[in-house]
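Below is one structure; the comments refer to it alone.
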Amino acid sequence: MIPILCPLPPAPSLSFFSLTGRMVLSRILVLQLLLAPALTFLSTSSAVRNFRALHVDYPKVTFAEGFHGYCNGLMSYVRGWKKEWHCPWIHYVLHAPWTKISRNCKCADSFCEDFNEYCSLSQDSFLVTTCARLPMEPPSTCQYNETTSTHHVFLLCSRKYNGEPIYITGLL
């Protein structure tokens with residue numbers, strides 16, 4: 001029996017693949033150009049929203065007596081917002097209007113490599129409550145000391161120009 005040789009289909013032209021490849025590549029690039037800023041905006045707006053929820057309390061709220069103090073009530077809220085069970089060691093809260101706080105990130109003066117973000121030392125001083133966890137307590141009890149005083153703050157900013165605060169790194 002002699003095998004029957006079928007003619008091979010014509011090979012697709014290289015120009016077809018290169019045109020299709022270019023179209024796919026151009027669509028991918030367009031999507032990256034359109035989506036990257038949107039995703040960056042979403043993550044930045046989320047960081048700003050978290051900062052406002054966790055680090056700005058103006059006017060200062062009053063918690064029920066059952067919390068045994070401002071910091072114990074606040075840190076209960078912070079843990080609920082973050083959906084975490086562990087107790088942070090320290091937490092800073094600013095008691096000032098958002099407009100006064102956010103203007104300190106309109107021109108961030110340096111880049112903080114440790115955080116990979118732009119940062120700024122506030123020109124304004126703020127009333128700040130520092131909630132510090134009691135050292136001898138078991139990790140699950142979350143009891144805090146409260147200290148309220150006026151400080152300049154080190155802020156991480158969402159970008160170099162016209163940014164918004166996203167984190168407090170320390171006090172001066």
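By convention here, the chains of the structure tokens are called A, B, ... in the order presented, each chain's residues are numbered starting at 1, and ligands are numbered starting at 1 in the order presented.
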Query raised in the report: Hey, what's within 10 Å of Ser125 (chain A) if we count only C-alpha atoms and toss same-chain stuff fewer than 6 positions away? As an MDAnalysis selection string, please?
Result: chainID A and resid 94 96 100:101 149:153 171:172
Query - Nearest candidate to Ile90 (chain A) (options A:Lys60, A:Ala53, A:Met75, A:Ser140; using only C-alpha atoms) - result: A:Met75
Query raised in the report: CA of Lys106 (chain A) to CA of Glu164 (chain A): how many Å, to one decimal?
Result: 7.1 Å
Report task. Write out as JSON, numbers by chain which residues come within 10 Å of Val48 (chain A) when counting only C-alpha atoms, dropping same-chain ones fewer than 2 positions away. Result -> {"A": [42, 43, 44, 45, 46, 50, 51, 52, 53, 54, 102, 157, 158, 163, 164, 165, 166, 167]}
Any chance you can output those residues with N, CA and C atoms as a PDB file, in the first residue's frame?
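Done, and the output landed in result.pdb:
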```pdb
ATOM      1  N   LEU A  42      -6.969  54.299  42.577  1.00  0.00           N
ATOM      2  CA  LEU A  42      -7.779  53.536  43.520  1.00  0.00           C
ATOM      3  C   LEU A  42      -6.987  53.178  44.772  1.00  0.00           C
ATOM      4  N   SER A  43      -5.737  52.739  44.608  1.00  0.00           N
ATOM      5  CA  SER A  43      -4.952  52.374  45.784  1.00  0.00           C
ATOM      6  C   SER A  43      -4.599  53.616  46.597  1.00  0.00           C
ATOM      7  N   THR A  44      -4.324  54.740  45.922  1.00  0.00           N
ATOM      8  CA  THR A  44      -4.018  55.982  46.623  1.00  0.00           C
ATOM      9  C   THR A  44      -5.247  56.484  47.365  1.00  0.00           C
ATOM     10  N   SER A  45      -6.399  56.473  46.706  1.00  0.00           N
ATOM     11  CA  SER A  45      -7.603  56.965  47.379  1.00  0.00           C
ATOM     12  C   SER A  45      -7.952  56.070  48.559  1.00  0.00           C
ATOM     13  N   SER A  46      -7.666  54.785  48.462  1.00  0.00           N
ATOM     14  CA  SER A  46      -7.901  53.868  49.576  1.00  0.00           C
ATOM     15  C   SER A  46      -6.972  54.205  50.742  1.00  0.00           C
ATOM     16  N   ASN A  50      -8.167  55.456  54.376  1.00  0.00           N
ATOM     17  CA  ASN A  50      -7.733  54.786  55.607  1.00  0.00           C
ATOM     18  C   ASN A  50      -7.081  55.780  56.570  1.00  0.00           C
ATOM     19  N   PHE A  51      -6.257  56.676  56.050  1.00  0.00           N
ATOM     20  CA  PHE A  51      -5.615  57.678  56.896  1.00  0.00           C
ATOM     21  C   PHE A  51      -6.653  58.541  57.596  1.00  0.00           C
ATOM     22  N   ARG A  52      -7.628  59.008  56.832  1.00  0.00           N
ATOM     23  CA  ARG A  52      -8.666  59.864  57.428  1.00  0.00           C
ATOM     24  C   ARG A  52      -9.475  59.114  58.472  1.00  0.00           C
ATOM     25  N   ALA A  53      -9.757  57.850  58.220  1.00  0.00           N
ATOM     26  CA  ALA A  53     -10.568  57.064  59.158  1.00  0.00           C
ATOM     27  C   ALA A  53      -9.798  56.706  60.423  1.00  0.00           C
ATOM     28  N   LEU A  54      -8.494  56.480  60.299  1.00  0.00           N
ATOM     29  CA  LEU A  54      -7.717  55.956  61.426  1.00  0.00           C
ATOM     30  C   LEU A  54      -6.865  56.995  62.150  1.00  0.00           C
ATOM     31  N   SER A 102      -4.086  68.195  55.348  1.00  0.00           N
ATOM     32  CA  SER A 102      -3.728  67.811  53.976  1.00  0.00           C
ATOM     33  C   SER A 102      -2.835  68.818  53.274  1.00  0.00           C
ATOM     34  N   CYS A 157       3.204  61.022  52.137  1.00  0.00           N
ATOM     35  CA  CYS A 157       2.269  61.671  51.224  1.00  0.00           C
ATOM     36  C   CYS A 157       2.046  60.802  49.991  1.00  0.00           C
ATOM     37  N   SER A 158       0.879  60.948  49.380  1.00  0.00           N
ATOM     38  CA  SER A 158       0.510  60.108  48.238  1.00  0.00           C
ATOM     39  C   SER A 158       1.344  60.411  46.991  1.00  0.00           C
ATOM     40  N   GLY A 163      -0.194  66.117  46.845  1.00  0.00           N
ATOM     41  CA  GLY A 163      -0.502  64.832  47.456  1.00  0.00           C
ATOM     42  C   GLY A 163      -1.402  64.997  48.670  1.00  0.00           C
ATOM     43  N   GLU A 164      -1.744  63.870  49.251  1.00  0.00           N
ATOM     44  CA  GLU A 164      -2.533  63.853  50.476  1.00  0.00           C
ATOM     45  C   GLU A 164      -1.871  62.902  51.455  1.00  0.00           C
ATOM     46  N   PRO A 165      -2.023  63.138  52.758  1.00  0.00           N
ATOM     47  CA  PRO A 165      -1.389  62.268  53.752  1.00  0.00           C
ATOM     48  C   PRO A 165      -1.932  60.849  53.690  1.00  0.00           C
ATOM     49  N   ILE A 166      -1.009  59.866  53.881  1.00  0.00           N
ATOM     50  CA  ILE A 166      -1.428  58.474  53.897  1.00  0.00           C
ATOM     51  C   ILE A 166      -0.930  57.734  55.144  1.00  0.00           C
ATOM     52  N   TYR A 167      -0.017  58.351  55.927  1.00  0.00           N
ATOM     53  CA  TYR A 167       0.478  57.683  57.124  1.00  0.00           C
ATOM     54  C   TYR A 167       1.262  58.681  57.976  1.00  0.00           C
TER      55      TYR A 167
END
```
Contact residues around Tyr77 (chain A) with only C-alpha atoms at 12 Å, ignoring same-chain residues under 2 positions, as a compact mmCIF listing (two decimals) with N, CA and C atoms, in the first residue's frame:
```txt
# COMPACT_ATOMS: atom_id res chain seq x y z
N ALA A 53 -9.76 57.85 58.22
CA ALA A 53 -10.57 57.06 59.16
C ALA A 53 -9.80 56.71 60.42
N LEU A 54 -8.49 56.48 60.30
CA LEU A 54 -7.72 55.96 61.43
C LEU A 54 -6.87 57.00 62.15
N HIS A 55 -6.54 58.10 61.48
CA HIS A 55 -5.60 59.05 62.08
C HIS A 55 -6.12 60.48 62.23
N ASP A 57 -9.28 62.64 63.91
CA ASP A 57 -10.47 62.64 64.75
C ASP A 57 -10.76 64.09 65.14
N VAL A 61 -14.00 62.74 69.37
CA VAL A 61 -15.18 62.03 69.85
C VAL A 61 -15.00 61.61 71.31
N PHE A 63 -15.89 58.43 73.87
CA PHE A 63 -16.32 57.04 73.90
C PHE A 63 -17.07 56.75 75.20
N PHE A 67 -15.39 51.71 77.79
CA PHE A 67 -14.09 51.56 77.12
C PHE A 67 -12.94 51.94 78.05
N TYR A 70 -10.34 57.19 76.17
CA TYR A 70 -10.37 57.49 74.73
C TYR A 70 -9.59 56.47 73.91
N CYS A 71 -8.36 56.19 74.30
CA CYS A 71 -7.50 55.31 73.50
C CYS A 71 -8.03 53.87 73.43
N ASN A 72 -8.59 53.37 74.51
CA ASN A 72 -9.14 52.01 74.47
C ASN A 72 -10.31 51.94 73.49
N GLY A 73 -11.18 52.95 73.50
CA GLY A 73 -12.29 52.99 72.53
C GLY A 73 -11.79 53.16 71.11
N LEU A 74 -10.84 54.09 70.92
CA LEU A 74 -10.31 54.35 69.59
C LEU A 74 -9.61 53.11 69.01
N MET A 75 -8.80 52.45 69.82
CA MET A 75 -8.06 51.30 69.31
C MET A 75 -8.99 50.13 69.02
N ARG A 79 -8.84 48.52 65.29
CA ARG A 79 -8.73 47.07 65.04
C ARG A 79 -9.90 46.57 64.21
N GLY A 80 -11.10 47.10 64.47
CA GLY A 80 -12.26 46.72 63.67
C GLY A 80 -12.14 47.19 62.23
N TRP A 81 -11.64 48.41 62.02
CA TRP A 81 -11.48 48.97 60.67
C TRP A 81 -10.47 48.14 59.88
N LYS A 82 -9.37 47.78 60.54
CA LYS A 82 -8.32 47.01 59.88
C LYS A 82 -8.64 45.52 59.79
N LYS A 83 -9.66 45.09 60.53
CA LYS A 83 -10.03 43.67 60.59
C LYS A 83 -8.87 42.82 61.10
N GLU A 84 -8.22 43.31 62.16
CA GLU A 84 -7.09 42.61 62.77
C GLU A 84 -7.39 42.37 64.24
N TRP A 85 -6.92 41.27 64.76
CA TRP A 85 -7.15 40.97 66.18
C TRP A 85 -6.02 41.45 67.07
N CYS A 87 -3.12 43.83 68.78
CA CYS A 87 -3.14 45.20 69.29
C CYS A 87 -1.88 45.95 68.84
N HIS A 91 -0.20 54.27 68.26
CA HIS A 91 -1.08 54.82 67.22
C HIS A 91 -1.23 56.32 67.47
N CYS A 142 -5.43 44.48 75.06
CA CYS A 142 -5.40 45.77 74.35
C CYS A 142 -5.75 46.95 75.24
```
Report task. Give me, please, the distance in Å between CA of Cys105 (chain A) and CA of Glu117 (chain A), quoted to one decimal. Result ->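 Calculated distance between CA of Cys105 (chain A) and CA of Glu117 (chain A) is 11.6 Å.
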Query raised in the report: Between A:Leu127, A:Leu156, A:Val93, A:Leu134, which one has atoms that come closest to Ala108 (chain A), using only C-alpha atoms?
Result: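 Answer, going by the shortest atom-to-atom distance: A:Leu156.
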Report task. Find, counting only C-alpha atoms, the residue in A:Ile168, A:Trp89, A:Lys160, A:Asn116 that gets nearest to Ala132 (chain A). Result ->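 Counting only C-alpha atoms, the residue closest to Ala132 (chain A) is A:Trp89.
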